[in-house]
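Peer 1: Quick one: structure below, then a few questions.
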Amino acid sequence: MIDRFGRWAMQAGSTVETVPDPAGARAAIARLAQRLSASRVTATREAAGFAPPGALVGGSAVQVADADLGISVAILAVAETGSVLLGSQAADDRLVGMLAQTHAVLVPAGVLCASLDDAAVALRAMAVRGPGQRLYLTLTTGPSRTADIERVLTIGVQGPRAVHLVVVGGGLG
Amino acid sequence: MRPGSSFRERYRRAVGDAQLRRNLLAFQRGWRASRDDRFAEYTGPDGGSGEAEFEILRSRLRAAKDAVIRDQAAVFARFKSEAEANGAVVVEAATAEQASEYVLGLCRRTGSSILVKSKSMVSEEIHLNQVLEAGGVRAVETDLGEWIVQLRGETPSHMVMPAIHLSRRQVGETFSEATGRRVSTEDVVEQVGLARTELRKDFLSARVGMTGANALIAESGTAMIVTNEGNEAMVTSLPDVHVILCGYEKLLATFEDAMTQVRLLPRSATGQAITSYTTFISGPDRPGRELHYVFVDNGRSAMRQDPDFVDALRCIRCAACASVCPPYQVVGGHVFGHIYSGAIGLVNTPFHHGLENAAGPQSLCVGCNACQSVCPVDIPLPRQILDVRRMAVARNGMPPVKRLALAVWRRPALFRALLRAAGVLSRPFARKGLLRIPVPRRHAWRTPPAPASRPARARLPEVIEAAAKPRLETDVGGRTVAYFVQCLTDAFAPEQAAASVALLQACGVRLLIPRRQHCCGLPFIDSGDPAGARRLARQTIETFESDAADWIVSAAGSCVAAMVHDYPHLFASEPSWRARAERLAERVVDLATFLDQVARLRPGALKTPVASDGVTYHPFCQSLNVLRADGCARRLLTEVRGLQLSELPEAGVCCGFGGSTSFDAPEVGRGIVDRKLENVDGTRAEVLVTDNPGCVLHLRGAAHASGRRLRVVHLAELLAQGLES
């Protein structure tokens, strides 16, 4: 299922790597930040522990806008489409995947499901009112894109220009 | 589109714009390839893929939509109570004005002088921007394509690709003008980058954001929004107030139904497996934030109560019906006059904006049925467009020339006498079936066919007994076939009738060719005159319904489609005639299907009369999209010994005949036939085969008028020549 997920994610324009454990995830993010020469890094609360030192957590839209790298954690991942479900309960955490130039998403292998039908079941469970309810969820598949001008595919309109998925075999601990 | 212009003005402007046609041709070709690839690579849970899986998915979504349309009140009540329990406000607006006023009221209350927008067809439908502007609020379109057309003072020309009528050069010029900076007219990446920098400040300052919704999931009170650019996340997250403007038709019962839509919508709309963002919003997600739903009726209730049009409420706004539409490629979306363009626009516009706004645009439909073949919810668009045409003709009447032509057509004896006289009188001007006379300039792209001085039925006996030793080995020897000649074949193409009869005789059947047969009524259905159509349909049923024949066979695919698919709707309120029509339809079959599936012609039984690799095949639209007989025709051709068939690019796109459309809107007919003939040129074939008489005459005339040496023949003619050799 990880292979299938990776295949479709790449088809959608994401890049994918697999690491065995949280330490591997931290290293992968560090490598990415170095490759991007990222000076402005931002992370969601869940991802804060995987970000390089000094990353901004809980920033405003103006602070987060066009950060070099943003780091989030997927709630769910769908092999059928290579998508990841994001939906931090804190609204400012969502800015990370919305406004950063490159978006890195940690995908604990345990959240992988096979199909959109599985995703439907999970979405229903997350819509139930109560402390676990998620009022705003986004199934994200690849970078922001448009083909509005002459049907020419162009990556990076308002959202991230690149999406890097780090599948963490043993989960995030 | 400039507001307030008439259909005629818009039409004239569009057909004079060669750049528009080029832009849209490239778009349609690219869209079709991507859409087909995305369905081909999709594998369903049962292992199916391609068009078969598309059929499974669309029947599932169609059923889900139909259930919601049926129980709309209950599903809406569920959605409303769930959404309200999540903290949203749900209001209903009966009219466009009420909806716009509500949105304006939100802007005023929050003191917002701008409203950022993303993905809302309904806001275009109700002309929200004008109302906001009049109220001192600036609406900022943040979808790239919408933004481009807004900067140009235009409206979207396509529901999914609002600026697809423009080239990058035009976009660059628009951006340069709007920003006062020099923006590249070549570099699309630079142009897209401009939207990111220019729109950012509006996102950060607006206090009200507005979107539509692709689905409204009742079980949880959740809006699903499908997008690519990332602007929608900002519109729905950054301002304090988010308002969703939507039609009731977006309601779905469950997340599973929404996922079926996710599998169909991006593939059908943009040729993507899934879009970059599929957002699920169930309620305001932080203190002080508001979420409002405005459900707009604006004619939807009337649609729901009309049995002829209720199915159109299934629409998920993918615009596949525009992306596939041959006339759309010639005229673009602005000609439609309102936001919903393509086939669905012709059906929706009368309900949202009044019949008078659909009367002109509906006349452009060629009836090729391509729209329904790609519709992800299987809306019977071709039939509904004919119903709109009927309503338009009932209100506005028919052009005098057409009325006169149909008055003659309605009377078999007069029709025959006049055409025969025309055949005799025009003989000096007739050469190779074409009439060499001056033609009005708008129609000069097509040389008209010459009326036969001796029509087909005058050359054929009423009964031809079965041959003792038939020329071909078949499964139908000794059985009886009634042959439906078709009025057009009779008068203009007796050689096609002769070929069909020769083939049927070779099959060893006993042939009945009733003398009193005339016309199936299709020209009347096509012209919006169902009463006239019923008169001829009754005459046709009476002529052929006796059980003397095992099958009623015709080489006129259009008439077969009319008898099998249009008659039941034509007699919807006359049950006894409807039953007779249905009984007749059981025995009606087109020639290609008859030869391939019924007679089961043996492979190699016929030998090619033409040089190999010189033949290409254009399937008649309704053979392809309605009768599904193109496979039979193709197989018959490939089984002809020595015949090498060249594949025709875009074979499934109409030839532009379109019954009366190519007469009423000759520039559309010409634009479509040019596309077809350029594709034929690419094959280097010398012979073009197709399987409908009207299309043969149209293509032959257009090939001749353009100076091509292409031979255009009916399938029956090519196959019958194979008998002789």
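We label chains A, B, ... in the order they appear in the structure tokens, count residues from 1 in each chain, and number ligands from 1 in the order shown.
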Applying 9 Å and only C-alpha atoms, which residues near Gly172 (chain B) remain after dropping the ones on its own chain fewer than 4 positions away? List them as a CSV table (one decimal) with C-alpha atoms, in the first residue's frame.
Peer 2:
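result.csv written:
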```csv
chain,number,residue,atom,x,y,z
B,167,SER,CA,-4.2,32.9,-25.4
B,168,ARG,CA,-1.2,33.6,-23.2
B,176,SER,CA,0.3,44.5,-18.3
B,177,GLU,CA,-2.6,46.9,-18.7
B,182,ARG,CA,5.4,44.9,-18.5
B,183,VAL,CA,4.2,41.3,-18.0
B,184,SER,CA,5.4,38.6,-20.4
B,185,THR,CA,3.1,37.6,-23.2
B,186,GLU,CA,4.9,34.2,-23.5
B,187,ASP,CA,5.9,33.0,-20.1
B,188,VAL,CA,2.9,31.4,-18.4
B,191,GLN,CA,1.9,35.3,-15.5
```
Peer 1: Apply DSSP to the backbone of this structure and, from region 338-426 of chain B, keep only the residues in alpha helix (DSSP H); write these as an MDAnalysis selection string.
Peer 2: chainID B and resid 342:353 356:362 370:374 381:396 400:409 412:425
Peer 1: Determine which residues of region 110-183 of chain B receive a DSSP assignment of strand (DSSP E or B), computed from the backbone, and state them as JSON, numbers by chain.
Peer 2: {"B": [114, 115, 116, 117, 118, 138, 139, 140, 141]}
Peer 1: Considering only C-alpha atoms, return as a list in words whatever protein or nucleic-acid residues lie within 8 Å of region 34-49 of chain A, sequence-local ones (same chain, fewer than 4 positions apart) excluded.
Peer 2: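 Listing them by chain and then by number gives Ala30, Gly54, Ala55, Leu56, Val57, Gly58, Gly59, Val64, Ala67, Asp68, Leu69, Gly70, Ile71, Ser72, Val73, Ser88, Asp93, Arg94, Val96, Ala100 and Leu106 of chain A.
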Peer 1: Filtering to C-alpha atoms, could you give me those residues as a tab-separated table (two decimals), in the first residue's frame?
Peer 2:
```tsv
chain	number	residue	atom	x	y	z
A	30	ALA	CA	16.80	18.59	8.28
A	54	GLY	CA	14.11	28.08	15.59
A	55	ALA	CA	11.09	27.09	13.51
A	56	LEU	CA	8.05	29.31	13.92
A	57	VAL	CA	5.06	27.62	15.53
A	58	GLY	CA	1.62	29.26	15.75
A	59	GLY	CA	2.53	32.25	13.57
A	64	VAL	CA	3.89	32.39	7.81
A	67	ALA	CA	8.04	30.72	4.50
A	68	ASP	CA	10.69	28.61	2.79
A	69	LEU	CA	9.47	25.44	4.43
A	70	GLY	CA	6.36	24.43	6.33
A	71	ILE	CA	6.01	21.12	8.20
A	72	SER	CA	2.74	19.32	9.01
A	73	VAL	CA	1.57	15.87	10.07
A	88	SER	CA	-5.21	20.77	12.56
A	93	ASP	CA	-1.62	25.50	12.20
A	94	ARG	CA	-3.41	25.23	8.89
A	96	VAL	CA	1.60	26.17	7.39
A	100	ALA	CA	4.68	28.02	2.80
A	106	LEU	CA	5.01	13.60	7.85
```
Peer 1: Which is closest to Gly6 (chain A) among A:His164, A:Arg151, A:Arg124, A:Arg134, if we use only C-alpha atoms?
Peer 2: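 Smallest separation from Gly6 (chain A) among the options: A:His164.
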Peer 1: How far is it from CA of Ser14 (chain A) to CA of Gly212 (chain B), in Å with one decimal?
Peer 2: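 Taking CA of Ser14 (chain A) and CA of Gly212 (chain B), their separation equals 27.2 Å.
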Peer 1: Which residues of chain A are close to chain B, meaning at most 6 Å apart when you count only C-alpha atoms, and how do they look as a PyMOL selection string?
Peer 2: chain A and resi 120+135-142+144-146+148+157-159
